[in-house]
file upload-v3.pdb (PDB, C-alpha atoms)
ATOM      1  CA  MET A 111     -13.798   3.016 -12.640
ATOM      2  CA  LYS A 112     -16.055   1.064 -10.354
ATOM      3  CA  ALA A 113     -16.014   1.607  -6.599
ATOM      4  CA  GLN A 114     -14.304  -1.742  -6.024
ATOM      5  CA  GLU A 115     -11.532  -0.876  -8.493
ATOM      6  CA  ILE A 116     -11.060   2.551  -6.921
ATOM      7  CA  ALA A 117     -10.934   1.032  -3.429
ATOM      8  CA  SER A 118      -8.372  -1.600  -4.484
ATOM      9  CA  PHE A 119      -6.258   1.030  -6.220
ATOM     10  CA  THR A 120      -6.413   3.384  -3.211
ATOM     11  CA  ILE A 121      -5.599   0.671  -0.681
ATOM     12  CA  GLY A 122      -2.750  -0.514  -2.902
ATOM     13  CA  ILE A 123      -1.244   2.973  -3.030
ATOM     14  CA  PHE A 124      -1.673   3.278   0.754
ATOM     15  CA  LEU A 125       0.116  -0.039   1.382
ATOM     16  CA  VAL A 126       2.982   0.844  -0.952
ATOM     17  CA  THR A 127       3.320   4.250   0.723
ATOM     18  CA  ILE A 128       3.432   2.726   4.213
ATOM     19  CA  GLY A 129       5.953   0.129   3.013
ATOM     20  CA  ILE A 130       8.212   2.801   1.519
ATOM     21  CA  TYR A 131       7.884   4.892   4.702
ATOM     22  CA  ILE A 132       8.995   1.950   6.849
ATOM     23  CA  TRP A 133      11.839   1.178   4.434
ATOM     24  CA  VAL A 134      13.159   4.745   4.374
ATOM     25  CA  TYR A 135      12.698   5.823   8.007
ATOM     26  CA  GLU A 136      13.108   2.427   9.756
ATOM     27  CA  PRO A 137      10.964   3.252  12.812
ATOM     28  CA  ILE A 138      11.884   1.636  16.105
ATOM     29  CA  TRP A 139       8.434   0.090  16.625
ATOM     30  CA  VAL A 140       8.915  -2.190  13.572
ATOM     31  CA  SER A 141      10.741  -5.372  14.544
ATOM     32  CA  SER A 142      11.605  -6.567  11.005
ATOM     33  CA  ILE A 143      12.085  -3.757   8.506
ATOM     34  CA  HIS A 144      12.674  -5.991   5.488
ATOM     35  CA  GLY A 145       9.745  -8.282   6.221
ATOM     36  CA  ALA A 146       7.345  -5.401   6.741
ATOM     37  CA  THR A 147       8.425  -3.451   3.674
ATOM     38  CA  GLY A 148       8.458  -6.521   1.463
ATOM     39  CA  GLY A 149       5.002  -7.617   2.514
ATOM     40  CA  LEU A 150       3.405  -4.186   2.309
ATOM     41  CA  ILE A 151       4.956  -3.179  -1.004
ATOM     42  CA  VAL A 152       4.226  -6.521  -2.692
ATOM     43  CA  ALA A 153       0.637  -6.537  -1.418
ATOM     44  CA  GLY A 154       0.121  -2.937  -2.542
ATOM     45  CA  VAL A 155       1.577  -3.510  -6.004
ATOM     46  CA  ALA A 156      -0.523  -6.657  -6.382
ATOM     47  CA  LEU A 157      -3.703  -4.741  -5.507
ATOM     48  CA  ILE A 158      -2.833  -1.948  -7.941
ATOM     49  CA  LEU A 159      -2.073  -4.375 -10.778
ATOM     50  CA  ILE A 160      -5.248  -6.384 -10.176
ATOM     51  CA  ALA A 161      -7.355  -3.203 -10.151
ATOM     52  CA  LEU A 162      -5.775  -1.996 -13.396
ATOM     53  CA  TRP A 163      -6.189  -5.441 -14.994
ATOM     54  CA  LYS A 164      -9.883  -5.579 -14.075
ATOM     55  CA  TYR A 165     -10.369  -2.040 -15.366
ATOM     56  CA  LYS A 166      -8.693  -2.937 -18.685
ATOM     57  CA  ILE A 167     -10.852  -6.037 -19.084
ATOM     58  CA  ARG A 168     -14.042  -4.130 -18.287
ATOM     59  CA  ILE A 169     -13.205  -1.318 -20.727
ATOM     60  CA  SER A 170     -12.257  -3.722 -23.537
ATOM     61  CA  GLY A 171     -15.565  -5.561 -23.141
ATOM     62  CA  GLU A 172     -13.992  -9.010 -22.943
ATOM     63  CA  VAL A 173     -15.827 -11.679 -21.002
ATOM     64  CA  LYS A 174     -13.069 -13.438 -19.107
ATOM     65  CA  GLU A 175     -15.039 -15.576 -16.710
ATOM     66  CA  ASP A 176     -17.895 -17.977 -16.837
ATOM     67  CA  GLU A 177     -19.527 -20.429 -14.454
ATOM     68  CA  ARG A 178     -16.588 -22.818 -14.778
ATOM     69  CA  ASP A 179     -14.277 -20.323 -13.083
ATOM     70  CA  TYR A 180     -16.321 -20.431  -9.893
ATOM     71  CA  ARG A 181     -16.204 -24.232  -9.791
ATOM     72  CA  ILE A 182     -12.481 -24.228 -10.596
ATOM     73  CA  ALA A 183     -11.850 -21.694  -7.813
ATOM     74  CA  GLU A 184     -13.774 -23.884  -5.352
ATOM     75  CA  LYS A 185     -11.785 -26.975  -6.291
ATOM     76  CA  ALA A 186      -8.460 -25.109  -6.235
ATOM     77  CA  SER A 187      -9.240 -23.574  -2.827
ATOM     78  CA  PHE A 188     -10.109 -26.943  -1.339
ATOM     79  CA  LYS A 189      -7.012 -28.624  -2.776
ATOM     80  CA  THR A 190      -4.818 -25.756  -1.526
ATOM     81  CA  PHE A 191      -6.356 -26.127   1.945
ATOM     82  CA  GLN A 192      -5.543 -29.835   1.869
ATOM     83  CA  ILE A 193      -1.921 -29.172   0.889
ATOM     84  CA  ILE A 194      -1.390 -26.432   3.466
ATOM     85  CA  PHE A 195      -3.060 -28.465   6.211
ATOM     86  CA  ILE A 196      -0.693 -31.377   5.559
ATOM     87  CA  VAL A 197       2.384 -29.118   5.355
ATOM     88  CA  GLN A 198       1.447 -27.349   8.593
ATOM     89  CA  GLY A 199       0.775 -30.622  10.382
ATOM     90  CA  PHE A 200       4.073 -32.112   9.239
ATOM     91  CA  LEU A 201       5.944 -28.928  10.180
ATOM     92  CA  TYR A 202       4.278 -28.758  13.597
ATOM     93  CA  ALA A 203       5.004 -32.414  14.333
ATOM     94  CA  THR A 204       8.613 -32.192  13.137
ATOM     95  CA  LEU A 205       9.336 -29.056  15.143
ATOM     96  CA  GLY A 206       7.678 -30.588  18.213
ATOM     97  CA  ILE A 207       9.505 -33.900  17.982
ATOM     98  CA  LEU A 208      12.905 -32.311  17.388
ATOM     99  CA  ASP A 209      12.210 -29.499  19.892
ATOM    100  CA  ILE A 210      13.224 -26.820  17.385
ATOM    101  CA  GLN A 211      12.319 -23.238  18.228
ATOM    102  CA  LEU A 212      11.896 -21.025  15.165
ATOM    103  CA  PRO A 213      10.900 -17.382  14.917
ATOM    104  CA  ALA A 214       7.296 -17.180  13.768
ATOM    105  CA  GLN A 215       7.680 -14.572  11.020
ATOM    106  CA  PRO A 216       9.771 -16.624   8.552
ATOM    107  CA  VAL A 217       7.575 -19.688   9.064
ATOM    108  CA  VAL A 218       4.362 -17.730   8.513
ATOM    109  CA  GLY A 219       5.923 -16.018   5.478
ATOM    110  CA  ALA A 220       6.911 -19.370   3.984
ATOM    111  CA  LEU A 221       3.437 -20.809   4.571
ATOM    112  CA  PHE A 222       1.905 -17.689   3.016
ATOM    113  CA  ALA A 223       4.103 -18.106  -0.064
ATOM    114  CA  ILE A 224       3.310 -21.830  -0.305
ATOM    115  CA  THR A 225      -0.410 -21.050  -0.060
ATOM    116  CA  GLY A 226      -0.346 -18.455  -2.842
ATOM    117  CA  ILE A 227       1.851 -20.453  -5.184
ATOM    118  CA  SER A 228      -0.050 -23.697  -4.677
ATOM    119  CA  TYR A 229      -3.420 -21.986  -5.224
ATOM    120  CA  ALA A 230      -2.235 -20.304  -8.425
ATOM    121  CA  GLY A 231      -0.695 -23.528  -9.721
ATOM    122  CA  ILE A 232      -3.700 -25.698  -8.903
ATOM    123  CA  PHE A 233      -6.110 -23.128 -10.363
ATOM    124  CA  TRP A 234      -4.057 -23.071 -13.567
ATOM    125  CA  LEU A 235      -3.987 -26.899 -13.765
ATOM    126  CA  TYR A 236      -7.726 -27.245 -13.197
ATOM    127  CA  ARG A 237      -8.477 -24.512 -15.698
ATOM    128  CA  ARG A 238      -6.262 -26.143 -18.317
ATOM    129  CA  ASN A 239      -7.874 -29.546 -17.808
ATOM    130  CA  MET A 240     -11.502 -28.350 -17.849
TER
END

call {"tool": "encode", "arguments": {"input": "upload-v3.pdb", "output": "structure tokens"}}
result
Amino acid sequence: MKAQEIASFTIGIFLVTIGIYIWVYEPIWVSSIHGATGGLIVAGVALILIALWKYKIRISGEVKEDERDYRIAEKASFKTFQIIFIVQGFLYATLGILDIQLPAQPVVGALFAITGISYAGIFWLYRRNM
């Protein structure tokens, strides 16, 4: 394995371990047990799966990317930024006008999910059309 794959795999295992620790022992210093464990375990599993996927591709000798992927990633990133910027602006204005006070963690979690899903969807659309 390459150093980057080993680092991703190790960090993934570390994140999953910390997430399981927080889930099992529920330390007092953690304000939201479910949010912390969910985020850490999902991030750790994602890192592990990505590292294993890259290792499998490298071992099999497949060439999965070309120059188009870099251009597609640029376009998808910019479009995702545009979507998130509009959603955040609308959310900020709506909450300000209606004087609604929300806890930050669920809002940030929702924006994080919207960012990831919109990037993956836009990347897939651009890749299909190119």

call {"tool": "atom_distance", "arguments": {"input": "upload-v3.pdb", "atom1": "CA of Leu212 in chain A", "atom2": "CA of Ser142 in chain A"}}
result
15.0 Å

call {"tool": "resolve_selection", "arguments": {"input": "upload-v3.pdb", "expression": "the PyMOL selection byres ((chain A and resi 216-226) around 9)", "output": "PDB file with C-alpha atoms, in the frame of the given file"}}
result
ATOM      1  CA  GLY A 145       9.745  -8.282   6.221  1.00  0.00           C
ATOM      2  CA  GLY A 149       5.002  -7.617   2.514  1.00  0.00           C
ATOM      3  CA  THR A 190      -4.818 -25.756  -1.526  1.00  0.00           C
ATOM      4  CA  PHE A 191      -6.356 -26.127   1.945  1.00  0.00           C
ATOM      5  CA  ILE A 193      -1.921 -29.172   0.889  1.00  0.00           C
ATOM      6  CA  ILE A 194      -1.390 -26.432   3.466  1.00  0.00           C
ATOM      7  CA  VAL A 197       2.384 -29.118   5.355  1.00  0.00           C
ATOM      8  CA  GLN A 198       1.447 -27.349   8.593  1.00  0.00           C
ATOM      9  CA  LEU A 212      11.896 -21.025  15.165  1.00  0.00           C
ATOM     10  CA  PRO A 213      10.900 -17.382  14.917  1.00  0.00           C
ATOM     11  CA  ALA A 214       7.296 -17.180  13.768  1.00  0.00           C
ATOM     12  CA  GLN A 215       7.680 -14.572  11.020  1.00  0.00           C
ATOM     13  CA  ILE A 227       1.851 -20.453  -5.184  1.00  0.00           C
ATOM     14  CA  SER A 228      -0.050 -23.697  -4.677  1.00  0.00           C
ATOM     15  CA  TYR A 229      -3.420 -21.986  -5.224  1.00  0.00           C
ATOM     16  CA  ALA A 230      -2.235 -20.304  -8.425  1.00  0.00           C
ATOM     17  CA  GLY A 231      -0.695 -23.528  -9.721  1.00  0.00           C
TER      18      GLY A 231
END

call {"tool": "resolve_selection", "arguments": {"input": "upload-v3.pdb", "expression": "the PyMOL selection byres ((chain A and resi 125) around 9)", "output": "list of chain:residue names"}}
result
A:Thr120, A:Ile121, A:Gly122, A:Ile123, A:Phe124, A:Val126, A:Thr127, A:Ile128, A:Gly129, A:Ile130, A:Leu150, A:Ile151, A:Val152, A:Ala153, A:Gly154, A:Val155

call {"tool": "residues_around", "arguments": {"input": "upload-v3.pdb", "residues": "Arg178 in chain A", "least_positions_apart": "5", "cutoff": "10 Å", "atoms": "all atoms listed in the file", "output": "ChimeraX atom specification"}}
result
/A:183-184,237,240

call {"tool": "atom_distance", "arguments": {"input": "upload-v3.pdb", "atom1": "CA of Trp234 in chain A", "atom2": "CA of Phe188 in chain A"}}
result
14.2 Å

call {"tool": "closest_residue", "arguments": {"input": "upload-v3.pdb", "among": "A:Trp139, A:Tyr165, A:Tyr131, A:Tyr202", "to": "Ala113 in chain A", "atoms": "only C-alpha atoms"}}
result
A:Tyr165

call {"tool": "atom_distance", "arguments": {"input": "upload-v3.pdb", "atom1": "CA of Ser187 in chain A", "atom2": "CA of Gly199 in chain A"}}
result
18.0 Å

call {"tool": "decode", "arguments": {"input": "upload-v3.pdb", "residues": "chain A", "atoms": "C-alpha atoms", "output": "PDB file, in the first residue's frame"}}
result
ATOM      1  CA  MET A 111       0.000   0.000   0.000  1.00  0.00           C
ATOM      2  CA  LYS A 112       1.066   3.552  -0.620  1.00  0.00           C
ATOM      3  CA  ALA A 113       1.663   5.965   2.246  1.00  0.00           C
ATOM      4  CA  GLN A 114      -1.508   7.898   1.423  1.00  0.00           C
ATOM      5  CA  GLU A 115      -3.603   4.714   1.509  1.00  0.00           C
ATOM      6  CA  ILE A 116      -2.029   3.644   4.799  1.00  0.00           C
ATOM      7  CA  ALA A 117      -2.627   7.090   6.310  1.00  0.00           C
ATOM      8  CA  SER A 118      -6.281   7.132   5.192  1.00  0.00           C
ATOM      9  CA  PHE A 119      -6.816   3.616   6.519  1.00  0.00           C
ATOM     10  CA  THR A 120      -5.156   4.443   9.862  1.00  0.00           C
ATOM     11  CA  ILE A 121      -7.057   7.698  10.330  1.00  0.00           C
ATOM     12  CA  GLY A 122     -10.287   5.918   9.409  1.00  0.00           C
ATOM     13  CA  ILE A 123      -9.706   3.249  12.050  1.00  0.00           C
ATOM     14  CA  PHE A 124      -8.837   5.971  14.585  1.00  0.00           C
ATOM     15  CA  LEU A 125     -12.054   7.900  13.851  1.00  0.00           C
ATOM     16  CA  VAL A 126     -14.206   4.776  14.081  1.00  0.00           C
ATOM     17  CA  THR A 127     -12.522   3.836  17.368  1.00  0.00           C
ATOM     18  CA  ILE A 128     -13.111   7.287  18.868  1.00  0.00           C
ATOM     19  CA  GLY A 129     -16.725   7.213  17.655  1.00  0.00           C
ATOM     20  CA  ILE A 130     -17.337   3.806  19.234  1.00  0.00           C
ATOM     21  CA  TYR A 131     -15.655   4.973  22.463  1.00  0.00           C
ATOM     22  CA  ILE A 132     -17.963   7.995  22.670  1.00  0.00           C
ATOM     23  CA  TRP A 133     -20.987   5.824  21.859  1.00  0.00           C
ATOM     24  CA  VAL A 134     -20.201   3.212  24.511  1.00  0.00           C
ATOM     25  CA  TYR A 135     -18.907   5.365  27.386  1.00  0.00           C
ATOM     26  CA  GLU A 136     -20.903   8.585  26.745  1.00  0.00           C
ATOM     27  CA  PRO A 137     -18.382  10.981  28.330  1.00  0.00           C
ATOM     28  CA  ILE A 138     -19.717  14.097  30.005  1.00  0.00           C
ATOM     29  CA  TRP A 139     -17.592  16.470  27.903  1.00  0.00           C
ATOM     30  CA  VAL A 140     -19.491  15.466  24.719  1.00  0.00           C
ATOM     31  CA  SER A 141     -22.634  17.553  24.312  1.00  0.00           C
ATOM     32  CA  SER A 142     -24.320  15.418  21.612  1.00  0.00           C
ATOM     33  CA  ILE A 143     -23.454  11.732  21.801  1.00  0.00           C
ATOM     34  CA  HIS A 144     -25.416  10.692  18.716  1.00  0.00           C
ATOM     35  CA  GLY A 145     -24.106  13.515  16.550  1.00  0.00           C
ATOM     36  CA  ALA A 146     -20.505  12.881  17.527  1.00  0.00           C
ATOM     37  CA  THR A 147     -20.652   9.117  17.094  1.00  0.00           C
ATOM     38  CA  GLY A 148     -22.519   9.347  13.811  1.00  0.00           C
ATOM     39  CA  GLY A 149     -20.100  11.838  12.329  1.00  0.00           C
ATOM     40  CA  LEU A 150     -16.947  10.093  13.500  1.00  0.00           C
ATOM     41  CA  ILE A 151     -18.016   6.577  12.557  1.00  0.00           C
ATOM     42  CA  VAL A 152     -19.338   7.589   9.124  1.00  0.00           C
ATOM     43  CA  ALA A 153     -16.212   9.629   8.369  1.00  0.00           C
ATOM     44  CA  GLY A 154     -13.961   6.777   9.504  1.00  0.00           C
ATOM     45  CA  VAL A 155     -15.807   4.140   7.487  1.00  0.00           C
ATOM     46  CA  ALA A 156     -15.752   6.412   4.439  1.00  0.00           C
ATOM     47  CA  LEU A 157     -11.977   6.863   4.738  1.00  0.00           C
ATOM     48  CA  ILE A 158     -11.441   3.116   5.134  1.00  0.00           C
ATOM     49  CA  LEU A 159     -13.633   2.274   2.134  1.00  0.00           C
ATOM     50  CA  ILE A 160     -11.978   4.904  -0.064  1.00  0.00           C
ATOM     51  CA  ALA A 161      -8.508   3.635   0.888  1.00  0.00           C
ATOM     52  CA  LEU A 162      -9.490   0.038   0.120  1.00  0.00           C
ATOM     53  CA  TRP A 163     -11.123   1.083  -3.171  1.00  0.00           C
ATOM     54  CA  LYS A 164      -8.007   2.968  -4.284  1.00  0.00           C
ATOM     55  CA  TYR A 165      -5.828   0.021  -3.284  1.00  0.00           C
ATOM     56  CA  LYS A 166      -8.019  -2.381  -5.298  1.00  0.00           C
ATOM     57  CA  ILE A 167      -7.891  -0.134  -8.358  1.00  0.00           C
ATOM     58  CA  ARG A 168      -4.119   0.267  -8.122  1.00  0.00           C
ATOM     59  CA  ILE A 169      -3.547  -3.486  -7.733  1.00  0.00           C
ATOM     60  CA  SER A 170      -5.882  -4.379 -10.618  1.00  0.00           C
ATOM     61  CA  GLY A 171      -4.044  -1.963 -12.912  1.00  0.00           C
ATOM     62  CA  GLU A 172      -7.188  -0.204 -14.110  1.00  0.00           C
ATOM     63  CA  VAL A 173      -6.890   3.400 -15.197  1.00  0.00           C
ATOM     64  CA  LYS A 174      -9.975   5.017 -13.726  1.00  0.00           C
ATOM     65  CA  GLU A 175      -9.240   8.674 -14.253  1.00  0.00           C
ATOM     66  CA  ASP A 176      -8.129  10.910 -17.029  1.00  0.00           C
ATOM     67  CA  GLU A 177      -7.846  14.645 -17.600  1.00  0.00           C
ATOM     68  CA  ARG A 178     -11.621  14.960 -17.913  1.00  0.00           C
ATOM     69  CA  ASP A 179     -12.081  13.984 -14.269  1.00  0.00           C
ATOM     70  CA  TYR A 180     -10.129  17.015 -13.099  1.00  0.00           C
ATOM     71  CA  ARG A 181     -12.243  19.360 -15.219  1.00  0.00           C
ATOM     72  CA  ILE A 182     -15.446  17.631 -14.096  1.00  0.00           C
ATOM     73  CA  ALA A 183     -14.373  17.944 -10.447  1.00  0.00           C
ATOM     74  CA  GLU A 184     -13.698  21.666 -10.940  1.00  0.00           C
ATOM     75  CA  LYS A 185     -17.104  22.246 -12.506  1.00  0.00           C
ATOM     76  CA  ALA A 186     -18.902  20.139  -9.884  1.00  0.00           C
ATOM     77  CA  SER A 187     -17.116  21.947  -7.033  1.00  0.00           C
ATOM     78  CA  PHE A 188     -18.046  25.349  -8.405  1.00  0.00           C
ATOM     79  CA  LYS A 189     -21.678  24.369  -8.981  1.00  0.00           C
ATOM     80  CA  THR A 190     -21.880  22.877  -5.469  1.00  0.00           C
ATOM     81  CA  PHE A 191     -20.468  26.119  -4.038  1.00  0.00           C
ATOM     82  CA  GLN A 192     -23.136  28.066  -5.912  1.00  0.00           C
ATOM     83  CA  ILE A 193     -25.918  25.838  -4.564  1.00  0.00           C
ATOM     84  CA  ILE A 194     -24.669  25.905  -0.976  1.00  0.00           C
ATOM     85  CA  PHE A 195     -24.098  29.663  -1.074  1.00  0.00           C
ATOM     86  CA  ILE A 196     -27.700  30.229  -2.172  1.00  0.00           C
ATOM     87  CA  VAL A 197     -29.103  27.769   0.397  1.00  0.00           C
ATOM     88  CA  GLN A 198     -27.076  29.358   3.201  1.00  0.00           C
ATOM     89  CA  GLY A 199     -28.093  32.863   2.175  1.00  0.00           C
ATOM     90  CA  PHE A 200     -31.766  31.922   2.001  1.00  0.00           C
ATOM     91  CA  LEU A 201     -31.556  30.109   5.347  1.00  0.00           C
ATOM     92  CA  TYR A 202     -29.752  33.022   7.003  1.00  0.00           C
ATOM     93  CA  ALA A 203     -32.245  35.560   5.668  1.00  0.00           C
ATOM     94  CA  THR A 204     -35.272  33.446   6.605  1.00  0.00           C
ATOM     95  CA  LEU A 205     -34.024  32.794  10.127  1.00  0.00           C
ATOM     96  CA  GLY A 206     -33.168  36.483  10.549  1.00  0.00           C
ATOM     97  CA  ILE A 207     -36.491  37.766   9.257  1.00  0.00           C
ATOM     98  CA  LEU A 208     -38.557  35.328  11.314  1.00  0.00           C
ATOM     99  CA  ASP A 209     -36.246  35.672  14.346  1.00  0.00           C
ATOM    100  CA  ILE A 210     -35.899  31.896  14.690  1.00  0.00           C
ATOM    101  CA  GLN A 211     -33.150  30.617  16.965  1.00  0.00           C
ATOM    102  CA  LEU A 212     -31.894  27.156  16.020  1.00  0.00           C
ATOM    103  CA  PRO A 213     -29.137  25.066  17.555  1.00  0.00           C
ATOM    104  CA  ALA A 214     -26.103  25.201  15.291  1.00  0.00           C
ATOM    105  CA  GLN A 215     -25.285  21.484  15.151  1.00  0.00           C
ATOM    106  CA  PRO A 216     -28.363  20.280  13.213  1.00  0.00           C
ATOM    107  CA  VAL A 217     -28.103  23.185  10.771  1.00  0.00           C
ATOM    108  CA  VAL A 218     -24.407  22.572  10.120  1.00  0.00           C
ATOM    109  CA  GLY A 219     -25.084  18.831   9.783  1.00  0.00           C
ATOM    110  CA  ALA A 220     -27.839  19.466   7.242  1.00  0.00           C
ATOM    111  CA  LEU A 221     -25.630  21.831   5.238  1.00  0.00           C
ATOM    112  CA  PHE A 222     -22.820  19.263   5.346  1.00  0.00           C
ATOM    113  CA  ALA A 223     -25.171  16.585   4.008  1.00  0.00           C
ATOM    114  CA  ILE A 224     -26.512  18.910   1.297  1.00  0.00           C
ATOM    115  CA  THR A 225     -22.944  19.752   0.261  1.00  0.00           C
ATOM    116  CA  GLY A 226     -21.869  16.116  -0.053  1.00  0.00           C
ATOM    117  CA  ILE A 227     -24.995  14.939  -1.827  1.00  0.00           C
ATOM    118  CA  SER A 228     -25.079  17.860  -4.247  1.00  0.00           C
ATOM    119  CA  TYR A 229     -21.383  17.449  -5.111  1.00  0.00           C
ATOM    120  CA  ALA A 230     -21.774  13.717  -5.745  1.00  0.00           C
ATOM    121  CA  GLY A 231     -24.907  14.253  -7.830  1.00  0.00           C
ATOM    122  CA  ILE A 232     -23.462  17.087  -9.901  1.00  0.00           C
ATOM    123  CA  PHE A 233     -20.198  15.191 -10.445  1.00  0.00           C
ATOM    124  CA  TRP A 234     -22.185  12.178 -11.651  1.00  0.00           C
ATOM    125  CA  LEU A 235     -24.303  14.334 -14.010  1.00  0.00           C
ATOM    126  CA  TYR A 236     -21.292  16.103 -15.501  1.00  0.00           C
ATOM    127  CA  ARG A 237     -19.431  12.838 -15.909  1.00  0.00           C
ATOM    128  CA  ARG A 238     -22.402  11.229 -17.644  1.00  0.00           C
ATOM    129  CA  ASN A 239     -22.814  14.160 -20.027  1.00  0.00           C
ATOM    130  CA  MET A 240     -19.129  14.511 -20.971  1.00  0.00           C
TER     131      MET A 240
END
